[in-house]
>>> print(open('query36.tsv').read())   # TSV, C-alpha atoms
chain	number	residue	atom	x	y	z
K	205	MET	CA	-128.97	18.58	7.35
K	206	SER	CA	-128.96	18.66	3.58
K	207	ILE	CA	-126.07	16.85	1.91
K	208	THR	CA	-125.19	16.78	-1.76
K	209	VAL	CA	-124.73	13.31	-3.26
K	210	ARG	CA	-122.99	12.99	-6.59
K	211	LEU	CA	-124.10	10.05	-8.73
K	212	PRO	CA	-122.18	8.33	-11.53
K	213	THR	CA	-123.74	8.43	-14.98
K	214	VAL	CA	-124.78	4.79	-14.76
K	215	LEU	CA	-127.03	5.48	-11.76
K	216	ARG	CA	-128.59	8.73	-12.91
K	217	PRO	CA	-131.55	7.13	-14.70
K	218	GLN	CA	-132.68	5.83	-11.30
K	219	ALA	CA	-132.57	9.39	-9.92
K	220	ASN	CA	-134.61	11.14	-12.61
K	221	GLY	CA	-131.45	11.83	-14.62
K	222	GLN	CA	-129.88	14.04	-11.97
K	223	SER	CA	-126.09	14.11	-11.51
K	224	THR	CA	-126.39	15.42	-7.95
K	225	VAL	CA	-129.21	15.15	-5.46
K	226	LYS	CA	-129.73	16.60	-2.01
K	227	VAL	CA	-130.74	14.32	0.84
K	228	GLU	CA	-130.77	14.46	4.61
K	229	GLY	CA	-128.44	12.71	7.05
K	230	SER	CA	-125.92	13.25	9.81
K	231	ASN	CA	-123.58	10.45	8.76
K	232	VAL	CA	-122.83	8.61	5.52
K	233	GLY	CA	-125.07	5.67	6.41
K	234	GLU	CA	-128.03	7.96	6.96
K	235	VAL	CA	-127.29	9.76	3.71
K	236	VAL	CA	-127.28	6.45	1.81
K	237	ASN	CA	-130.53	5.38	3.48
K	238	SER	CA	-132.15	8.73	2.63
K	239	LEU	CA	-130.91	8.38	-0.92
K	240	VAL	CA	-132.45	4.94	-1.51
K	241	ALA	CA	-135.64	6.05	0.26
K	242	ALA	CA	-135.95	9.00	-2.14
K	243	TYR	CA	-134.91	6.97	-5.18
K	244	PRO	CA	-135.85	3.31	-4.57
K	245	GLY	CA	-134.45	2.29	-7.95
K	246	LEU	CA	-130.95	2.82	-6.53
K	247	GLN	CA	-131.36	0.35	-3.70
K	248	SER	CA	-130.43	-2.89	-5.45
K	249	ASN	CA	-127.41	-1.22	-7.07
K	250	LEU	CA	-126.05	0.20	-3.82
K	251	LEU	CA	-127.11	-2.20	-1.07
K	252	ASP	CA	-127.22	-5.97	-0.72
K	253	ASP	CA	-130.08	-7.91	0.88
K	254	SER	CA	-128.70	-7.26	4.36
K	255	GLY	CA	-128.52	-3.50	3.76
K	256	SER	CA	-124.73	-3.39	3.47
K	257	VAL	CA	-123.06	-1.35	0.74
K	258	ARG	CA	-122.13	-3.61	-2.16
K	259	LYS	CA	-118.47	-4.43	-2.74
K	260	PHE	CA	-118.38	-2.82	-6.16
K	261	VAL	CA	-119.59	0.52	-4.79
K	262	ASN	CA	-117.12	3.10	-3.48
K	263	ILE	CA	-118.31	5.98	-1.35
K	264	TYR	CA	-116.24	9.13	-1.01
K	265	ILE	CA	-116.86	12.19	1.10
K	266	ASN	CA	-115.11	15.35	-0.02
K	267	ASP	CA	-112.64	13.29	-2.05
K	268	GLU	CA	-111.82	10.84	0.78
K	269	ASP	CA	-112.71	7.15	0.78
K	270	ILE	CA	-115.02	6.41	3.73
K	271	ARG	CA	-113.20	3.07	4.22
K	272	PHE	CA	-110.27	5.11	5.52
K	273	LEU	CA	-112.52	7.30	7.68
K	274	ASP	CA	-115.26	5.91	9.87
K	275	LYS	CA	-117.02	3.96	7.10
K	276	LEU	CA	-120.81	4.44	7.19
K	277	GLN	CA	-120.53	6.11	10.58
K	278	THR	CA	-118.46	8.94	9.09
K	279	PRO	CA	-120.21	12.17	10.11
K	280	VAL	CA	-121.30	14.63	7.45
K	281	SER	CA	-122.06	18.31	7.74
K	282	GLU	CA	-123.68	21.01	5.67
K	283	GLY	CA	-121.73	21.62	2.49
K	284	ASP	CA	-120.16	18.17	2.30
K	285	GLU	CA	-120.35	16.24	-0.96
K	286	VAL	CA	-120.79	12.48	-0.88
K	287	ALA	CA	-119.86	10.72	-4.12
K	288	ILE	CA	-121.03	7.26	-5.17
K	289	LEU	CA	-118.48	5.67	-7.47
K	290	PRO	CA	-118.47	2.30	-9.23
K	291	ALA	CA	-115.48	0.04	-8.77
K	292	VAL	CA	-114.19	-0.67	-12.28
K	293	ALA	CA	-111.50	-3.28	-12.75
K	294	GLY	CA	-110.25	-5.90	-15.16
K	295	GLY	CA	-107.28	-7.98	-16.11
W	299	MET	CA	-118.32	0.37	-33.60
W	300	LEU	CA	-115.75	2.29	-31.60
W	301	THR	CA	-114.57	5.37	-33.47
W	302	LEU	CA	-111.55	7.09	-31.99
W	303	ASN	CA	-110.09	10.39	-33.01
W	304	ARG	CA	-106.52	9.67	-34.08
W	305	SER	CA	-105.20	12.06	-31.44
W	306	THR	CA	-107.14	10.17	-28.78
W	307	TRP	CA	-105.60	6.90	-29.94
W	308	LEU	CA	-102.14	8.44	-29.65
W	309	GLU	CA	-102.91	9.63	-26.11
W	310	ILE	CA	-103.99	6.10	-25.16
W	311	LEU	CA	-100.83	4.67	-26.65
W	312	ALA	CA	-98.63	7.23	-24.90
W	313	GLU	CA	-100.19	6.40	-21.53
W	314	ALA	CA	-99.86	2.66	-22.14
W	315	TRP	CA	-96.13	3.03	-22.80
W	316	ARG	CA	-95.69	5.58	-20.02
W	317	VAL	CA	-96.80	3.18	-17.30
W	318	TYR	CA	-95.42	0.02	-18.95
W	319	PRO	CA	-94.77	-2.65	-17.65
W	320	LEU	CA	-97.82	-1.92	-15.49
W	321	GLU	CA	-101.26	-2.02	-17.04
W	322	ALA	CA	-102.55	1.41	-18.03
W	323	CYS	CA	-106.22	2.31	-17.72
W	324	GLY	CA	-108.61	5.18	-18.23
W	325	LEU	CA	-112.05	6.19	-19.39
W	326	LEU	CA	-113.33	7.19	-22.81
W	327	LEU	CA	-115.54	10.25	-23.11
W	328	GLY	CA	-117.74	11.11	-26.01
W	329	PRO	CA	-121.23	11.78	-27.19
W	330	ASP	CA	-123.71	8.91	-26.98
W	331	ASP	CA	-123.28	8.27	-30.68
W	332	GLY	CA	-120.15	9.53	-32.36
W	333	PRO	CA	-116.39	9.44	-32.16
W	334	VAL	CA	-114.72	9.25	-28.77
W	335	ASP	CA	-113.44	12.74	-28.06
W	336	ARG	CA	-111.30	12.20	-25.01
W	337	PHE	CA	-109.23	9.62	-23.22
W	338	VAL	CA	-108.82	10.37	-19.52
W	339	PRO	CA	-105.89	8.41	-18.08
W	340	ILE	CA	-106.58	7.14	-14.58
W	341	VAL	CA	-104.19	5.69	-12.02
W	342	ASN	CA	-104.21	1.90	-11.89
W	343	GLU	CA	-104.69	1.37	-8.18
W	344	ALA	CA	-103.69	-2.26	-8.55
W	345	GLN	CA	-100.23	-1.14	-9.77
W	346	SER	CA	-99.99	-4.45	-11.60
W	347	SER	CA	-98.89	-5.78	-14.95
W	348	ARG	CA	-101.76	-8.31	-14.85
W	349	VAL	CA	-104.83	-6.46	-13.59
W	350	PHE	CA	-106.17	-2.95	-13.30
W	351	THR	CA	-108.46	-1.10	-10.92
W	352	LEU	CA	-109.51	2.42	-11.82
W	353	SER	CA	-108.75	4.84	-9.01
W	354	PRO	CA	-112.20	5.91	-7.76
W	355	MET	CA	-110.99	9.50	-7.46
W	356	GLY	CA	-109.81	9.36	-11.04
W	357	TYR	CA	-113.19	8.01	-12.03
W	358	MET	CA	-114.90	10.91	-10.28
W	359	LYS	CA	-112.68	13.49	-11.95
W	360	ALA	CA	-113.37	11.95	-15.36
W	361	GLU	CA	-117.11	12.11	-14.72
W	362	ARG	CA	-116.84	15.75	-13.66
W	363	LEU	CA	-114.89	16.51	-16.83
W	364	ALA	CA	-117.53	14.72	-18.90
W	365	ASP	CA	-120.28	16.76	-17.21
W	366	ASP	CA	-118.37	19.98	-17.84
W	367	LEU	CA	-117.86	19.12	-21.51
W	368	GLY	CA	-121.38	17.85	-22.06
W	369	LEU	CA	-120.05	14.38	-22.83
W	370	GLN	CA	-120.72	10.89	-21.43
W	371	VAL	CA	-118.40	8.22	-20.15
W	372	VAL	CA	-118.76	5.77	-23.02
W	373	GLY	CA	-116.13	3.17	-22.25
W	374	VAL	CA	-113.02	2.03	-20.50
W	375	VAL	CA	-109.64	1.24	-21.99
W	376	HIS	CA	-106.74	-0.69	-20.50
W	377	SER	CA	-103.51	-2.21	-21.69
W	378	HIS	CA	-102.39	-5.81	-21.80
W	379	THR	CA	-98.65	-5.89	-21.40
W	380	HIS	CA	-98.08	-9.59	-21.89
W	381	THR	CA	-101.11	-10.92	-23.77
W	382	SER	CA	-103.16	-10.16	-26.86
W	383	ALA	CA	-105.84	-7.51	-27.03
W	384	TYR	CA	-108.63	-9.95	-26.13
W	385	PRO	CA	-110.64	-9.89	-22.89
W	386	SER	CA	-109.28	-12.05	-20.12
W	387	PRO	CA	-111.68	-14.04	-17.92
W	388	THR	CA	-111.16	-11.27	-15.35
W	389	ASP	CA	-112.24	-8.69	-17.95
W	390	VAL	CA	-115.37	-10.66	-18.75
W	391	ALA	CA	-116.27	-11.03	-15.09
W	392	GLU	CA	-115.61	-7.39	-14.22
W	393	ALA	CA	-117.26	-5.95	-17.33
W	394	THR	CA	-120.50	-7.58	-16.31
W	395	LYS	CA	-120.66	-6.14	-12.81
W	396	PRO	CA	-123.90	-4.22	-12.24
W	397	LEU	CA	-122.44	-0.71	-12.31
W	398	VAL	CA	-120.56	-1.22	-15.57
W	399	PRO	CA	-123.01	-0.21	-18.31
W	400	PRO	CA	-123.40	-2.89	-21.00
W	401	THR	CA	-123.27	-0.09	-23.56
W	402	TRP	CA	-119.65	0.69	-22.68
W	403	HIS	CA	-116.84	0.05	-25.12
W	404	TRP	CA	-114.32	-2.27	-23.43
W	405	ALA	CA	-111.19	-1.33	-25.36
W	406	ILE	CA	-107.87	-3.12	-24.94
W	407	VAL	CA	-104.48	-2.12	-26.27
W	408	SER	CA	-101.84	-4.82	-26.27
W	409	LEU	CA	-98.14	-4.04	-26.12
W	410	ALA	CA	-97.14	-7.67	-25.93
W	411	TRP	CA	-95.70	-8.05	-29.40
W	412	GLY	CA	-93.57	-4.93	-29.74
W	413	TYR	CA	-96.21	-3.09	-31.74
W	414	PRO	CA	-99.56	-1.83	-30.46
W	415	GLU	CA	-102.72	-3.79	-31.10
W	416	LEU	CA	-106.13	-2.27	-30.34
W	417	ARG	CA	-109.45	-4.08	-30.10
W	418	SER	CA	-112.75	-3.19	-28.54
W	419	PHE	CA	-115.54	-5.37	-27.20
W	420	ARG	CA	-119.09	-5.19	-25.94
W	421	VAL	CA	-120.48	-7.26	-23.14
W	422	SER	CA	-123.23	-9.59	-24.19
W	423	GLU	CA	-125.12	-12.37	-22.55
W	424	SER	CA	-123.99	-14.94	-25.04
W	425	GLY	CA	-120.67	-13.58	-26.23
W	426	SER	CA	-118.33	-15.22	-28.66
W	427	ALA	CA	-117.38	-18.66	-27.47
W	428	ALA	CA	-113.69	-17.91	-27.92
W	429	LEU	CA	-113.96	-14.88	-25.71
W	430	ARG	CA	-116.33	-16.18	-23.14
W	431	GLY	CA	-113.83	-16.84	-20.39
W	432	ASP	CA	-115.16	-18.62	-17.36
W	433	ALA	CA	-117.56	-16.02	-16.02
W	434	VAL	CA	-121.07	-17.19	-15.29
W	435	GLU	CA	-123.23	-14.75	-13.40
W	436	PHE	CA	-126.93	-14.09	-13.03
W	437	GLY	CA	-127.68	-17.54	-14.43
W	438	VAL	CA	-126.49	-16.73	-17.92
W	439	GLU	CA	-123.18	-17.18	-19.63
W	440	LEU	CA	-121.50	-13.87	-20.23
W	441	GLY	CA	-118.99	-12.87	-22.82
W	442	MET	CA	-117.86	-10.12	-25.08
W	443	ASP	CA	-118.15	-9.64	-28.79
W	444	GLU	CA	-115.58	-7.76	-30.76
W	445	GLU	CA	-116.68	-4.53	-32.43
W	446	PRO	CA	-114.92	-2.72	-35.27
W	447	VAL	CA	-112.48	0.04	-34.34
W	448	ARG	CA	-112.08	3.00	-36.68
W	449	LEU	CA	-109.56	5.82	-36.39
W	450	LYS	CA	-110.82	9.20	-37.53
W	451	ASP	CA	-108.60	12.09	-38.56
>>> encode(input="query36.tsv", output="structure tokens")
Amino acid sequence: MSITVRLPTVLRPQANGQSTVKVEGSNVGEVVNSLVAAYPGLQSNLLDDSGSVRKFVNIYINDEDIRFLDKLQTPVSEGDEVAILPAVAGG
Amino acid sequence: MLTLNRSTWLEILAEAWRVYPLEACGLLLGPDDGPVDRFVPIVNEAQSSRVFTLSPMGYMKAERLADDLGLQVVGVVHSHTHTSAYPSPTDVAEATKPLVPPTWHWAIVSLAWGYPELRSFRVSESGSAALRGDAVEFGVELGMDEEPVRLKD
């Protein structure tokens, strides 16, 4: 099914300047894989060499952090919005 | 140079005092080249007087607002409650993470001395020696250089 993914400004150049894109997937992991397959320039920013989501990347689905759901196995359905968000911190 | 509308500066200052003694944080919105139009306060998830972490939800809302207003996220601002308005080693390390654009203003307001002090910095690969901190990533030394701050009426 088609899922909307919202990208932060910093990643939009790797997705032809789009703020949201539509990709296929039945869970968040599949959505992320579809996303990097469609826009390979996003891969190194989102995933490490083992294919895991990088620590400084937060993924939300409908305003909920997937770490508090079922992580990458969290199911998605038509109409859901997955948001990719950078972790920004300092001291 | 970071140019802030005076009202934006006052909003930053109000938020810094509001959450004191915790560190305040938020994002700066503006056109690519021009004065910063908006400060969007964001919850410091770290709830700390030493470090800050932007709430991801807050980040998302700020980006949505920027999209709605036709603006960009052009920087981040946070307060130092006990030290000067210079980047800490943690700032230097975090400002150079891959999803933090090097074009961002890294603005710091210090409340340590009883009066507010505002400075802004840009990440660079060399950086000023005094500000370099101890961050070494990607095989190069990283640091931040101070940029002028101007308040605009």
>>> residues_around(input="query36.tsv", residues="region 222-228 of chain K", least_positions_apart="4", cutoff="6 Å", atoms="all atoms listed in the file", output="PyMOL selection string")
chain K and resi 205-211+216+235
>>> atom_distance(input="query36.tsv", atom1="CA of Lys359 (chain W)", atom2="CA of Glu444 (chain W)")
28.5 Å
>>> residues_around(input="query36.tsv", residues="Ser230 (chain K)", least_positions_apart="4", cutoff="7 Å", atoms="all atoms listed in the file", output="JSON, numbers by chain")
{"K": [205, 234, 279, 280, 281]}
>>> atom_distance(input="query36.tsv", atom1="CA of Tyr413 (chain W)", atom2="CA of Trp315 (chain W)")
10.8 Å
>>> interface_residues(input="query36.tsv", of="chain K", to="chain W", cutoff="8 Å", atoms="all atoms listed in the file", output="PDB file with C-alpha atoms, keeping the file's coordinate frame")
ATOM      1  CA  PRO K 212    -122.180   8.330 -11.530  1.00  0.00           C
ATOM      2  CA  THR K 213    -123.740   8.430 -14.980  1.00  0.00           C
ATOM      3  CA  VAL K 214    -124.780   4.790 -14.760  1.00  0.00           C
ATOM      4  CA  LEU K 215    -127.030   5.480 -11.760  1.00  0.00           C
ATOM      5  CA  ASN K 249    -127.410  -1.220  -7.070  1.00  0.00           C
ATOM      6  CA  PHE K 260    -118.380  -2.820  -6.160  1.00  0.00           C
ATOM      7  CA  ASN K 262    -117.120   3.100  -3.480  1.00  0.00           C
ATOM      8  CA  ASP K 267    -112.640  13.290  -2.050  1.00  0.00           C
ATOM      9  CA  ALA K 287    -119.860  10.720  -4.120  1.00  0.00           C
ATOM     10  CA  LEU K 289    -118.480   5.670  -7.470  1.00  0.00           C
ATOM     11  CA  PRO K 290    -118.470   2.300  -9.230  1.00  0.00           C
ATOM     12  CA  ALA K 291    -115.480   0.040  -8.770  1.00  0.00           C
ATOM     13  CA  VAL K 292    -114.190  -0.670 -12.280  1.00  0.00           C
ATOM     14  CA  ALA K 293    -111.500  -3.280 -12.750  1.00  0.00           C
ATOM     15  CA  GLY K 294    -110.250  -5.900 -15.160  1.00  0.00           C
ATOM     16  CA  GLY K 295    -107.280  -7.980 -16.110  1.00  0.00           C
TER      17      GLY K 295
END
>>> residues_around(input="query36.tsv", residues="region 335-339 of chain W", least_positions_apart="4", cutoff="6 Å", atoms="all atoms listed in the file", output="ChimeraX atom specification")
/W:306,324-328
>>> write_last_selection(input="query36.tsv", atoms="C-alpha atoms", output="tab-separated table (two decimals), in the coordinates of the input")
chain	number	residue	atom	x	y	z
W	306	THR	CA	-107.14	10.17	-28.78
W	324	GLY	CA	-108.61	5.18	-18.23
W	325	LEU	CA	-112.05	6.19	-19.39
W	326	LEU	CA	-113.33	7.19	-22.81
W	327	LEU	CA	-115.54	10.25	-23.11
W	328	GLY	CA	-117.74	11.11	-26.01
>>> closest_residue(input="query36.tsv", among="K:Leu246, K:Val240, K:Ile270, K:Val261", to="Val286 (chain K)", atoms="only C-alpha atoms")
K:Ile270
>>> atom_distance(input="query36.tsv", atom1="CA of Tyr264 (chain K)", atom2="CA of Gly221 (chain K)")
20.6 Å
>>> residues_around(input="query36.tsv", residues="Leu416 (chain W)", least_positions_apart="4", cutoff="9 Å", atoms="all atoms listed in the file", output="list in words")
Ala383, Ala405, Ile406, Val407, Ser408 and Val447 of chain W
>>> axis_aligned_box(input="query36.tsv", around="region 218-237 of chain K", padding_each_side="3 Å", output="lines of an AutoDock Vina configuration file")
center_x = -128.7
center_y = 11.0
center_z = -2.4
size_x = 17.8
size_y = 17.2
size_z = 30.4
>>> residues_around(input="query36.tsv", residues="region 301-303 of chain W", least_positions_apart="4", cutoff="7 Å", atoms="all atoms listed in the file", output="number ranges by chain")
W: 307, 333-335, 447-451
>>> closest_residue(input="query36.tsv", among="W:Asp366, W:Glu309, W:Asp443, W:Asp330", to="Arg417 (chain W)", atoms="all atoms listed in the file")
W:Asp443
